[in-house]
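Here is start35.txt, consisting of compact mmCIF, C-alpha atoms:
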# COMPACT_ATOMS: atom_id res chain seq x y z
CA MET A 128 -144.98 -16.36 -25.20
CA GLU A 129 -141.68 -15.07 -26.53
CA GLY A 130 -142.71 -11.53 -25.62
CA VAL A 131 -143.58 -12.57 -22.08
CA GLY A 132 -140.27 -14.40 -21.69
CA ALA A 133 -138.37 -11.40 -23.00
CA ALA A 134 -140.13 -9.19 -20.44
CA VAL A 135 -139.68 -11.54 -17.49
CA LEU A 136 -136.01 -12.37 -18.07
CA PRO A 137 -134.67 -8.88 -17.25
CA VAL A 138 -136.76 -8.80 -14.06
CA VAL A 139 -135.31 -12.15 -12.95
CA GLN A 140 -131.79 -10.97 -13.79
CA VAL A 141 -132.23 -7.78 -11.77
CA PHE A 142 -133.69 -9.79 -8.86
CA PHE A 143 -130.75 -12.19 -8.62
CA LEU A 144 -128.20 -9.44 -9.21
CA THR A 145 -129.75 -7.52 -6.32
CA LEU A 146 -129.56 -10.64 -4.15
CA LEU A 147 -125.92 -11.10 -5.03
CA LEU A 148 -124.76 -7.54 -4.46
CA LEU A 149 -126.91 -6.45 -1.52
CA ILE A 150 -127.34 -9.65 0.49
CA MET A 151 -125.20 -12.63 -0.56
CA LEU A 152 -121.78 -11.01 -0.87
CA PRO A 153 -122.08 -9.04 2.40
CA ALA A 154 -123.31 -12.20 4.14
CA MET A 155 -120.48 -14.35 2.78
CA PHE A 156 -117.82 -11.95 4.04
CA GLY A 157 -119.48 -11.23 7.39
CA PHE A 158 -120.58 -7.62 7.06
CA SER A 159 -123.88 -5.82 6.61
CA LEU A 160 -125.02 -2.91 4.47
CA GLY A 161 -127.56 -1.93 7.11
CA ILE A 162 -130.62 -3.31 5.31
CA THR A 163 -131.45 -5.80 8.06
CA GLU A 164 -130.86 -3.20 10.78
CA THR A 165 -133.21 -0.73 9.07
CA TYR A 166 -135.84 -3.42 8.62
CA MET A 167 -135.59 -4.37 12.31
CA LYS A 168 -135.95 -0.74 13.45
CA ILE A 169 -139.13 -0.34 11.38
CA LEU A 170 -140.43 -3.68 12.63
CA ILE A 171 -139.81 -2.85 16.30
CA LYS A 172 -141.59 0.49 15.99
CA THR A 173 -144.53 -1.17 14.21
CA LEU A 174 -144.91 -3.87 16.88
CA LYS A 175 -144.64 -1.29 19.67
CA TRP A 176 -147.42 0.74 18.07
CA ALA A 177 -149.58 -2.37 17.69
CA THR A 178 -148.96 -3.33 21.35
CA LEU A 179 -149.93 0.14 22.57
CA LYS A 180 -153.05 0.00 20.42
CA ILE A 181 -154.03 -3.35 21.95
CA GLN A 182 -153.37 -2.13 25.50
CA LYS A 183 -155.44 0.98 24.87
CA SER A 184 -158.30 -1.17 23.64
CA VAL A 185 -158.03 -3.30 26.78
CA GLU A 186 -158.27 -0.27 29.04
CA GLU A 187 -161.19 1.24 27.16
CA GLU A 188 -163.34 -1.86 26.72
CA SER A 189 -162.17 -3.88 29.76
CA LYS A 190 -162.60 -7.04 27.74
CA LEU A 191 -159.06 -8.34 27.54
CA LYS A 192 -157.08 -9.49 30.54
CA SER A 193 -153.38 -8.80 30.52
CA SER A 194 -151.31 -11.50 32.19
CA SER A 195 -147.62 -12.32 32.09
CA SER A 196 -148.32 -15.92 33.00
CA ASN A 197 -147.70 -18.49 30.29
CA GLY A 198 -149.90 -21.04 31.99
CA LEU A 199 -153.49 -21.91 32.64
CA ILE A 200 -153.27 -21.70 36.42
CA GLN A 201 -151.37 -19.73 39.05
CA ARG A 202 -149.17 -21.78 41.34
CA ASP A 203 -146.48 -21.30 43.95
CA ASP A 204 -142.89 -21.51 42.73
CA SER A 205 -141.56 -23.20 45.89
CA SER A 206 -140.98 -26.95 45.92
CA LEU A 207 -143.36 -29.45 47.48
CA GLU A 208 -140.66 -30.74 49.83
CA LYS A 209 -139.88 -27.25 51.12
CA GLU A 210 -143.50 -26.30 51.72
CA ILE A 211 -144.47 -29.53 53.49
CA GLY A 212 -141.32 -29.25 55.62
CA GLU A 213 -142.29 -25.77 56.77
CA ARG A 214 -145.81 -26.94 57.58
CA ARG A 215 -144.38 -29.79 59.67
CA ARG A 216 -142.00 -27.53 61.62
CA ASN A 217 -144.78 -25.09 62.42
CA ARG A 218 -146.86 -27.78 64.14
CA GLY A 219 -144.18 -30.01 65.69
CA GLY A 220 -143.38 -32.42 62.83
CA GLU A 221 -146.45 -34.65 62.87
CA PHE A 222 -148.60 -35.67 59.94
CA ILE A 223 -152.23 -34.62 60.15
CA LEU A 224 -155.16 -35.50 57.91
CA SER A 225 -155.37 -31.99 56.45
CA ASP A 226 -152.06 -32.63 54.65
CA VAL A 227 -154.08 -34.78 52.23
CA PHE A 228 -155.74 -31.65 50.85
CA TYR A 229 -152.35 -30.09 50.25
CA PHE A 230 -151.12 -33.14 48.32
CA SER A 231 -154.38 -33.24 46.38
CA ARG A 232 -154.04 -29.61 45.35
CA LYS A 233 -150.52 -30.20 44.11
CA GLY A 234 -151.67 -33.27 42.22
CA ILE A 235 -154.54 -31.44 40.52
CA GLU A 236 -152.17 -28.62 39.53
CA SER A 237 -149.88 -31.15 37.86
CA ILE A 238 -152.78 -32.81 36.04
CA VAL A 239 -154.14 -29.52 34.73
CA GLU A 240 -150.73 -28.18 33.72
CA ASP A 241 -147.60 -30.16 34.44
CA GLU A 242 -144.16 -28.67 33.92
CA VAL A 243 -143.16 -31.18 31.23
CA THR A 244 -145.74 -31.36 28.43
CA GLN A 245 -146.10 -27.57 28.25
CA ARG A 246 -142.43 -27.47 27.20
CA PHE A 247 -143.40 -29.20 23.96
CA THR A 248 -145.86 -26.52 22.82
CA SER A 249 -145.15 -23.02 21.55
CA GLU A 250 -144.20 -20.35 24.08
CA GLU A 251 -147.16 -18.18 25.05
CA LEU A 252 -146.94 -14.47 24.23
CA VAL A 253 -148.05 -11.64 26.48
CA SER A 254 -149.30 -9.57 23.54
CA TRP A 255 -150.13 -10.16 19.89
CA ASN A 256 -147.17 -9.84 17.50
CA LEU A 257 -149.41 -9.73 14.39
CA LEU A 258 -148.44 -13.36 13.75
CA THR A 259 -149.74 -15.68 16.44
CA ARG A 260 -152.81 -15.32 18.62
CA THR A 261 -152.38 -15.79 22.36
CA ASN A 262 -154.47 -17.31 25.14
CA ASN A 263 -155.98 -13.87 25.64
CA ASN A 264 -157.99 -14.69 22.50
CA PHE A 265 -157.72 -11.35 20.71
CA GLN A 266 -160.63 -10.62 18.43
CA TYR A 267 -161.30 -7.59 16.25
CA ILE A 268 -159.80 -4.51 17.92
CA SER A 269 -159.60 -1.72 15.36
CA MET A 270 -159.60 -1.08 11.63
CA LYS A 271 -156.02 0.24 11.81
CA LEU A 272 -154.73 -3.01 13.29
CA THR A 273 -156.69 -5.04 10.75
CA VAL A 274 -155.21 -3.04 7.87
CA LEU A 275 -151.74 -3.38 9.39
CA TRP A 276 -152.19 -7.15 9.68
CA VAL A 277 -153.30 -7.40 6.01
CA ILE A 278 -150.28 -5.36 4.90
CA GLY A 279 -148.07 -7.61 7.03
CA VAL A 280 -149.46 -10.73 5.35
CA ALA A 281 -148.81 -9.22 1.92
CA VAL A 282 -145.23 -8.27 2.86
CA ARG A 283 -144.42 -11.60 4.50
CA TYR A 284 -145.86 -13.84 1.79
CA GLY A 285 -145.41 -11.61 -1.26
CA ILE A 286 -141.95 -10.16 -0.63
CA LEU A 287 -140.12 -11.87 2.23
CA LEU A 288 -141.09 -15.46 1.43
CA PRO A 289 -139.82 -15.49 -2.21
CA LEU A 290 -136.68 -13.63 -1.13
CA ARG A 291 -135.96 -16.02 1.73
CA VAL A 292 -136.69 -19.15 -0.31
CA SER A 293 -134.30 -17.92 -3.01
CA LEU A 294 -131.54 -17.18 -0.51
CA THR A 295 -131.94 -20.53 1.22
CA ALA A 296 -131.91 -22.41 -2.08
CA ILE A 297 -128.80 -20.54 -3.19
CA GLY A 298 -127.09 -21.13 0.16
CA LEU A 299 -127.79 -24.88 0.17
CA SER A 300 -126.82 -25.24 -3.52
CA TRP A 301 -123.58 -23.38 -2.89
CA LEU A 302 -122.93 -25.60 0.14
CA VAL A 303 -123.27 -28.79 -1.95
CA ILE A 304 -121.18 -27.49 -4.85
CA SER A 305 -118.40 -25.90 -2.81
CA THR A 306 -117.97 -28.78 -0.34
CA THR A 307 -117.92 -31.28 -3.21
CA VAL A 308 -115.15 -29.31 -4.94
CA VAL A 309 -113.16 -28.89 -1.72
CA GLY A 310 -113.56 -32.61 -1.07
CA PHE A 311 -111.34 -33.43 -4.05
CA LEU A 312 -108.36 -31.68 -2.44
CA PRO A 313 -105.82 -33.78 -0.53
CA ASN A 314 -105.95 -33.64 3.27
CA CYS A 315 -103.89 -30.61 4.24
CA TRP A 316 -104.19 -27.23 5.96
CA LEU A 317 -105.56 -25.66 2.77
CA LYS A 318 -108.45 -28.13 2.56
CA ASN A 319 -109.30 -27.60 6.25
CA TRP A 320 -109.20 -23.81 5.85
CA LEU A 321 -111.33 -23.81 2.69
CA SER A 322 -113.80 -26.28 4.22
CA GLU A 323 -114.40 -24.11 7.26
CA LEU A 324 -114.62 -20.99 5.08
CA VAL A 325 -117.26 -22.36 2.68
CA HIS A 326 -119.31 -23.85 5.54
CA VAL A 327 -119.45 -20.51 7.36
CA MET A 328 -120.23 -18.62 4.13
CA CYS A 329 -123.12 -20.91 3.22
CA TYR A 330 -124.60 -20.81 6.72
CA ARG A 331 -124.41 -17.02 6.68
CA ILE A 332 -126.40 -16.93 3.43
CA CYS A 333 -128.99 -19.27 4.97
CA ALA A 334 -129.14 -17.05 8.07
CA ARG A 335 -129.89 -14.05 5.87
CA GLY A 336 -132.58 -16.21 4.28
CA LEU A 337 -134.31 -16.24 7.68
CA SER A 338 -133.70 -12.53 8.35
CA ALA A 339 -131.75 -13.70 11.37
CA THR A 340 -130.44 -11.08 13.77
CA ILE A 341 -128.00 -12.81 16.09
CA HIS A 342 -126.28 -11.23 19.08
CA TYR A 343 -123.16 -13.13 20.15
CA HIS A 344 -121.79 -12.57 23.65
CA ASN A 345 -118.42 -13.46 25.21
CA ARG A 346 -116.77 -14.52 21.96
CA GLN A 347 -113.52 -15.11 23.82
CA ASN A 348 -115.15 -18.36 25.01
CA LYS A 349 -115.92 -19.67 21.52
CA PRO A 350 -115.37 -23.44 21.12
CA LYS A 351 -111.89 -24.38 19.99
CA LYS A 352 -110.69 -27.25 17.84
CA GLY A 353 -110.62 -30.59 19.61
CA GLY A 354 -113.42 -29.53 21.95
CA ILE A 355 -117.11 -30.34 22.37
CA CYS A 356 -119.75 -27.64 22.04
CA VAL A 357 -123.00 -28.41 23.90
CA ALA A 358 -126.06 -26.18 23.66
CA ASN A 359 -129.74 -26.13 24.53
CA HIS A 360 -131.98 -27.11 21.62
CA THR A 361 -135.01 -25.15 20.42
CA SER A 362 -134.99 -25.55 16.67
CA PRO A 363 -133.22 -27.24 13.74
CA ILE A 364 -131.95 -23.78 12.82
CA ASP A 365 -129.83 -23.80 16.00
CA VAL A 366 -127.15 -25.29 13.75
CA VAL A 367 -127.37 -22.32 11.35
CA ILE A 368 -127.30 -19.86 14.27
CA LEU A 369 -124.10 -21.31 15.75
CA ALA A 370 -122.32 -22.21 12.48
CA ASN A 371 -122.90 -18.62 11.32
CA ASP A 372 -120.12 -17.62 13.76
CA GLY A 373 -117.65 -20.47 13.28
CA GLY A 374 -117.08 -23.98 11.95
CA TYR A 375 -118.34 -27.11 13.67
CA ALA A 376 -118.29 -30.84 13.03
CA MET A 377 -121.89 -32.05 13.04
CA VAL A 378 -123.07 -35.28 14.64
CA GLY A 379 -126.22 -37.07 13.50
CA GLN A 380 -127.97 -39.93 11.77
CA VAL A 381 -127.62 -40.63 8.06
CA HIS A 382 -130.68 -39.47 6.11
CA GLY A 383 -132.00 -39.89 2.61
CA GLY A 384 -133.41 -37.35 0.16
CA LEU A 385 -132.20 -33.75 0.18
CA MET A 386 -130.73 -34.08 3.67
CA GLY A 387 -128.73 -37.09 2.50
CA VAL A 388 -127.33 -35.11 -0.45
CA LEU A 389 -126.22 -32.34 1.94
CA GLN A 390 -124.65 -34.82 4.37
CA ARG A 391 -122.67 -36.63 1.67
CA ALA A 392 -121.38 -33.36 0.23
CA MET A 393 -120.44 -31.90 3.61
CA VAL A 394 -118.56 -34.97 4.82
CA ARG A 395 -116.30 -34.86 1.74
CA ALA A 396 -114.88 -31.54 2.87
CA CYS A 397 -115.10 -31.83 6.67
CA PRO A 398 -115.00 -34.83 9.05
CA HIS A 399 -118.61 -34.63 10.17
CA ILE A 400 -119.77 -37.69 12.10
CA TRP A 401 -122.76 -39.43 10.53
CA PHE A 402 -124.12 -42.72 11.92
CA GLU A 403 -126.30 -45.33 10.31
CA ARG A 404 -129.57 -46.06 12.12
CA ALA A 405 -128.24 -49.39 13.45
CA GLU A 406 -125.00 -47.76 14.66
CA MET A 407 -126.90 -45.17 16.72
CA LYS A 408 -128.00 -47.95 19.08
CA ASP A 409 -124.39 -48.99 19.76
CA ARG A 410 -123.35 -46.53 22.47
CA HIS A 411 -119.80 -47.88 22.61
CA LEU A 412 -119.29 -47.34 18.87
CA VAL A 413 -120.75 -43.83 18.99
CA THR A 414 -118.65 -42.83 21.99
CA GLN A 415 -115.46 -44.24 20.45
CA ARG A 416 -115.91 -42.35 17.18
CA LEU A 417 -116.50 -39.12 19.09
CA ARG A 418 -113.43 -39.73 21.26
CA ASP A 419 -111.29 -40.33 18.20
CA HIS A 420 -112.48 -37.02 16.77
CA VAL A 421 -111.80 -35.08 19.98
CA LYS A 422 -108.26 -36.51 20.25
CA ASP A 423 -107.32 -34.80 16.99
CA LYS A 424 -106.77 -31.17 17.98
CA LYS A 425 -106.76 -30.10 14.32
CA LYS A 426 -110.40 -31.05 13.79
CA LEU A 427 -113.31 -28.68 14.30
CA PRO A 428 -115.19 -28.82 17.62
CA ILE A 429 -118.11 -31.24 17.75
CA LEU A 430 -121.57 -29.67 18.03
CA ILE A 431 -123.99 -31.66 20.22
CA PHE A 432 -127.47 -30.94 21.60
CA PRO A 433 -127.62 -33.22 24.67
CA GLU A 434 -131.38 -32.76 25.23
CA GLY A 435 -131.99 -34.91 22.17
CA THR A 436 -135.15 -33.02 21.18
CA CYS A 437 -136.44 -29.48 20.68
CA ILE A 438 -137.70 -27.62 23.77
CA ASN A 439 -139.85 -24.52 23.50
CA ASN A 440 -137.41 -21.70 24.35
CA THR A 441 -138.52 -21.51 28.00
CA SER A 442 -136.55 -24.33 29.63
CA VAL A 443 -133.57 -26.64 29.52
CA MET A 444 -134.39 -30.30 30.10
CA MET A 445 -132.22 -33.27 31.05
CA PHE A 446 -128.89 -33.57 29.25
CA LYS A 447 -128.05 -37.10 28.12
CA LYS A 448 -124.89 -38.24 29.86
CA GLY A 449 -123.31 -39.76 26.73
CA SER A 450 -121.98 -36.41 25.56
CA PHE A 451 -120.13 -36.01 28.86
CA GLU A 452 -118.48 -39.45 28.83
CA ILE A 453 -116.31 -38.64 25.83
CA GLY A 454 -113.71 -36.67 27.74
CA GLY A 455 -112.03 -33.46 26.68
CA THR A 456 -113.13 -29.86 27.14
CA ILE A 457 -116.80 -28.91 27.09
CA TYR A 458 -117.79 -25.51 25.70
CA PRO A 459 -121.33 -24.67 26.93
CA VAL A 460 -123.47 -22.38 24.77
CA ALA A 461 -126.84 -20.84 25.71
CA ILE A 462 -129.32 -19.92 22.95
CA LYS A 463 -132.40 -17.78 23.62
CA TYR A 464 -134.81 -16.64 20.89
CA ASP A 465 -137.00 -13.55 21.06
CA PRO A 466 -140.59 -14.79 20.48
CA GLN A 467 -141.82 -11.28 19.68
CA PHE A 468 -140.60 -11.59 16.09
CA GLY A 469 -141.36 -15.25 15.41
CA ASP A 470 -141.67 -18.63 17.09
CA ALA A 471 -138.45 -20.57 16.45
CA PHE A 472 -139.59 -23.68 18.33
CA TRP A 473 -140.17 -26.75 16.16
CA ASN A 474 -143.18 -28.70 17.43
CA SER A 475 -142.42 -31.88 15.47
CA ALA A 476 -145.62 -33.50 16.72
CA LYS A 477 -147.68 -30.80 15.00
CA TYR A 478 -145.62 -29.65 12.00
CA ASN A 479 -143.45 -31.53 9.54
CA MET A 480 -140.17 -29.97 8.41
CA VAL A 481 -141.63 -28.31 5.31
CA SER A 482 -144.48 -26.71 7.30
CA TYR A 483 -142.05 -25.58 9.96
CA LEU A 484 -139.69 -23.96 7.46
CA LEU A 485 -142.66 -22.21 5.85
CA ARG A 486 -143.61 -20.77 9.25
CA MET A 487 -140.02 -19.62 9.78
CA MET A 488 -139.80 -17.95 6.37
CA THR A 489 -143.11 -16.15 6.84
CA SER A 490 -142.33 -14.83 10.30
CA TRP A 491 -141.11 -11.28 10.80
CA ALA A 492 -137.57 -12.28 11.64
CA ILE A 493 -135.47 -14.64 13.76
CA VAL A 494 -133.87 -12.74 16.63
CA CYS A 495 -131.78 -14.51 19.22
CA ASN A 496 -128.95 -14.16 21.72
CA VAL A 497 -126.05 -16.59 21.93
CA TRP A 498 -123.84 -16.72 25.01
CA TYR A 499 -120.50 -18.54 24.93
CA LEU A 500 -119.82 -19.76 28.47
CA PRO A 501 -116.33 -20.46 29.86
CA PRO A 502 -115.02 -23.95 28.98
CA VAL A 503 -115.37 -26.64 31.65
CA THR A 504 -113.92 -30.07 32.30
CA GLN A 505 -115.07 -32.95 34.45
CA GLN A 506 -114.03 -32.54 38.06
CA GLU A 507 -112.39 -35.20 40.18
CA GLY A 508 -114.99 -37.54 41.70
CA GLU A 509 -117.73 -36.18 39.41
CA ASP A 510 -119.60 -38.70 37.29
CA ALA A 511 -121.05 -38.03 33.84
CA VAL A 512 -124.57 -37.33 35.16
CA GLN A 513 -123.35 -34.77 37.69
CA PHE A 514 -121.15 -33.16 35.06
CA ALA A 515 -124.08 -32.93 32.63
CA ASN A 516 -126.32 -31.37 35.29
CA ARG A 517 -123.67 -28.79 36.17
CA VAL A 518 -123.32 -27.72 32.54
CA LYS A 519 -127.11 -27.70 32.07
CA SER A 520 -127.60 -25.45 35.09
CA ALA A 521 -124.98 -23.00 33.81
CA ILE A 522 -126.69 -22.80 30.40
CA ALA A 523 -130.14 -22.35 31.96
CA HIS A 524 -128.91 -19.59 34.28
CA GLN A 525 -127.17 -17.68 31.50
CA GLY A 526 -130.07 -17.93 29.07
CA GLY A 527 -132.77 -17.09 31.62
CA LEU A 528 -134.34 -20.52 31.14
CA LEU A 529 -135.95 -22.91 33.62
CA ASP A 530 -133.68 -25.74 34.72
CA LEU A 531 -135.75 -28.94 34.62
CA ALA A 532 -134.61 -32.45 35.55
CA TRP A 533 -137.17 -34.16 33.29
CA ASP A 534 -136.13 -36.11 30.21
CA GLY A 535 -137.05 -34.48 26.90
CA GLY A 536 -137.71 -37.97 25.57
CA LEU A 537 -141.07 -37.80 27.38
CA LYS A 538 -142.30 -35.91 24.31
CA ARG A 539 -142.82 -39.32 22.67
CA ALA A 540 -142.19 -41.92 25.39
CA LYS A 541 -143.96 -42.85 28.63
CA VAL A 542 -142.49 -42.23 32.08
CA LYS A 543 -140.27 -45.11 33.18
CA GLU A 544 -141.51 -47.28 36.06
CA THR A 545 -138.26 -46.70 37.96
CA TYR A 546 -138.90 -42.95 37.97
CA LYS A 547 -142.47 -43.48 39.16
CA GLN A 548 -141.17 -45.60 42.04
CA GLU A 549 -138.62 -42.94 42.90
CA GLN A 550 -141.36 -40.31 43.10
CA GLN A 551 -143.54 -42.62 45.21
CA LYS A 552 -140.70 -43.12 47.69
CA LYS A 553 -140.16 -39.36 47.89
CA TYR A 554 -143.83 -38.67 48.60
CA SER A 555 -143.90 -41.50 51.15
CA SER A 556 -140.96 -39.99 53.02
CA MET A 557 -142.70 -36.61 53.08
CA VAL A 558 -145.88 -38.16 54.48
CA VAL A 559 -144.33 -40.28 57.23
CA GLY A 560 -141.30 -38.06 57.94
CA ASP A 561 -137.61 -38.05 57.07
CA ASP A 562 -136.61 -40.29 59.95
CA SER A 563 -138.61 -43.24 58.64
CA SER A 564 -136.99 -46.12 56.88
CA GLU A 565 -137.89 -46.79 53.26

So that I can check it, write out the structure of this file as structure tokens.
Amino acid sequence: MEGVGAAVLPVVQVFFLTLLLLIMLPAMFGFSLGITETYMKILIKTLKWATLKIQKSVEEESKLKSSSSNGLIQRDDSSLEKEIGERRRNRGGEFILSDVFYFSRKGIESIVEDEVTQRFTSEELVSWNLLTRTNNNFQYISMKLTVLWVIGVAVRYGILLPLRVSLTAIGLSWLVISTTVVGFLPNCWLKNWLSELVHVMCYRICARGLSATIHYHNRQNKPKKGGICVANHTSPIDVVILANDGGYAMVGQVHGGLMGVLQRAMVRACPHIWFERAEMKDRHLVTQRLRDHVKDKKKLPILIFPEGTCINNTSVMMFKKGSFEIGGTIYPVAIKYDPQFGDAFWNSAKYNMVSYLLRMMTSWAIVCNVWYLPPVTQQEGEDAVQFANRVKSAIAHQGGLLDLAWDGGLKRAKVKETYKQEQQKKYSSMVVGDDSSE
């Protein structure tokens, strides 16, 4: 046993020394030695070759159907109100019995594939990325692709997974230790500067632990102190993606276990806003604490995800109005992941956090674009709901995402009766005409 230990110890020392010199130190100080860039170039070429191989097999065997549609059915993109209005104008504005078939078709389309529940499942891929099968149901194609897939599994689980787990563990450990030490300093500019520095450093190490390649755009619009940063929400790692480029004050519920240890350490160094479960139900208390934070222009900007749940990288759903009742300047941010390299969406109904993190650490990489939009404030005569919708539309447009009015809470809750009645009134007005009284 002593001989084995003596042989293993130098290997472990070399491994961690390599991590420190080639990955951790460059990550902490915000520069790269080109390792990630080289890895991404090789990966892109490999996936392109695999895609061409699949397409060639499709052409030769005529067994696979290529489709850019993410859905089960093909439907028109125009709204129901617009289409029924055109049909009415073409025939003089009267309702005829054949309209029933039109409404029935629309209803069946919604039953087969509505635009809400499909936002809570993983984004469908056009072609196989050697990770996740698609609806095209790829089977055996060639020996070369099979060998490539086996090599990919060996690389992802044998090399990348241990490396990424080690980096993440080091990053989180360093976050706990450094924020605890900084927390003992008196409140002054030095403590604030060190707190922001160690937070950014630790998040950068964690980002390297996911092989994250992040492209930031329009950095002149980055959130400033005393502001509120709102972003669309795809994954828990959204926090790592954004905090990799600057400090933020987090908002969330108090947790136990490892998450609780992180929260208690972080709040010693930085005024993050953690709420007890009972306090989360008190909207007035939550809003007041956020307002008090925003009033202090020396504190880091608050980071909020107004959707309240993770959406699958294709859409932006309803923003809760509470984030827009606080006051102050809103800094919108759009996040869009590239699904070709890995699925960043967290389907919490299917995977727990450990399973999700395992999927992230065994993917090829996390590649995403982050757009900082110009800061906005609430306009005169604009209520919180209108303000939230305006910001949501801007984020959806910039990120190339669908702008949906549905509540993301429908992932776990039923549709409210008031919303059903609203839809019934709308359909009734379309049937009997706009001039009718409700």

Test item: residues at most 8 Å from region 420-433 of chain A, only C-alpha atoms, excluding those fewer than 6 positions along its chain, as number ranges by chain: A: 350-360, 374-378, 398, 445-448, 450, 455

Contacts of Leu537 (chain A) within 10 Å, only C-alpha atoms, excl. fewer than 2 positions in-chain, as a PyMOL selection string: chain A and resi 243-244+247+436+533-535+539-543

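The gap separating CA of Ile341 (chain A) from CA of Trp320 (chain A) is 24.1 Å, in Å to one decimal.
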
Shell of 10 Å around Pro459 (chain A), all atoms listed in the file, local chain residues under 2 positions omitted, as a PyMOL selection string: chain A and resi 348-350+355-359+456-457+461+498-503+518-519+521-522

As an mmCIF file with C-alpha atoms, keeping the file's coordinate frame, please: the residues near Ser442 (chain A) (cut-off 7 Å, all atoms listed in the file, same-chain neighbours under 2 positions excluded).
data_model
loop_
_atom_site.group_PDB
_atom_site.id
_atom_site.type_symbol
_atom_site.label_atom_id
_atom_site.label_comp_id
_atom_site.auth_asym_id
_atom_site.auth_seq_id
_atom_site.Cartn_x
_atom_site.Cartn_y
_atom_site.Cartn_z
ATOM 1 C CA ILE A 438 -137.700 -27.620 23.770
ATOM 2 C CA ASN A 439 -139.850 -24.520 23.500
ATOM 3 C CA ASN A 440 -137.410 -21.700 24.350
ATOM 4 C CA MET A 444 -134.390 -30.300 30.100
ATOM 5 C CA LEU A 528 -134.340 -20.520 31.140
ATOM 6 C CA LEU A 529 -135.950 -22.910 33.620
ATOM 7 C CA ASP A 530 -133.680 -25.740 34.720
ATOM 8 C CA LEU A 531 -135.750 -28.940 34.620
#

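Distance annotation: of A:Ala296, A:Ile453, A:Val366, A:Val443, the residue with the minimal separation from Arg410 (chain A) is A:Ile453; atom set is all atoms listed in the file.
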
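Contact shell of Trp316 (chain A) at 12 Å (all atoms listed in the file; same-chain neighbours under 5 positions omitted): Val309, Leu321, Ser322, Glu323, Ala396, Cys397, Lys425 and Lys426 of chain A.
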
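Taking CA of Leu287 (chain A) and CA of Leu299 (chain A) as endpoints, the distance between them is 18.0 Å.
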
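Shortest atom-to-atom contact with Tyr330 (chain A) among A:Ser300, A:Gln550, A:Thr545, A:Ser555: A:Ser300, counting only C-alpha atoms.
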
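Relative to CA of Gly387 (chain A), CA of Asn319 (chain A) is found at 21.9 Å.
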
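Distance check against Trp176 (chain A) using all atoms listed in the file: of A:Leu257, A:Ala532, A:Ile278, A:Ile286, the minimum falls on A:Leu257.
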
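Candidate residues A:Ile364, A:Cys495, A:Val388, A:Met393 were compared for distance to Tyr483 (chain A), and the nearest is A:Ile364, using only C-alpha atoms.
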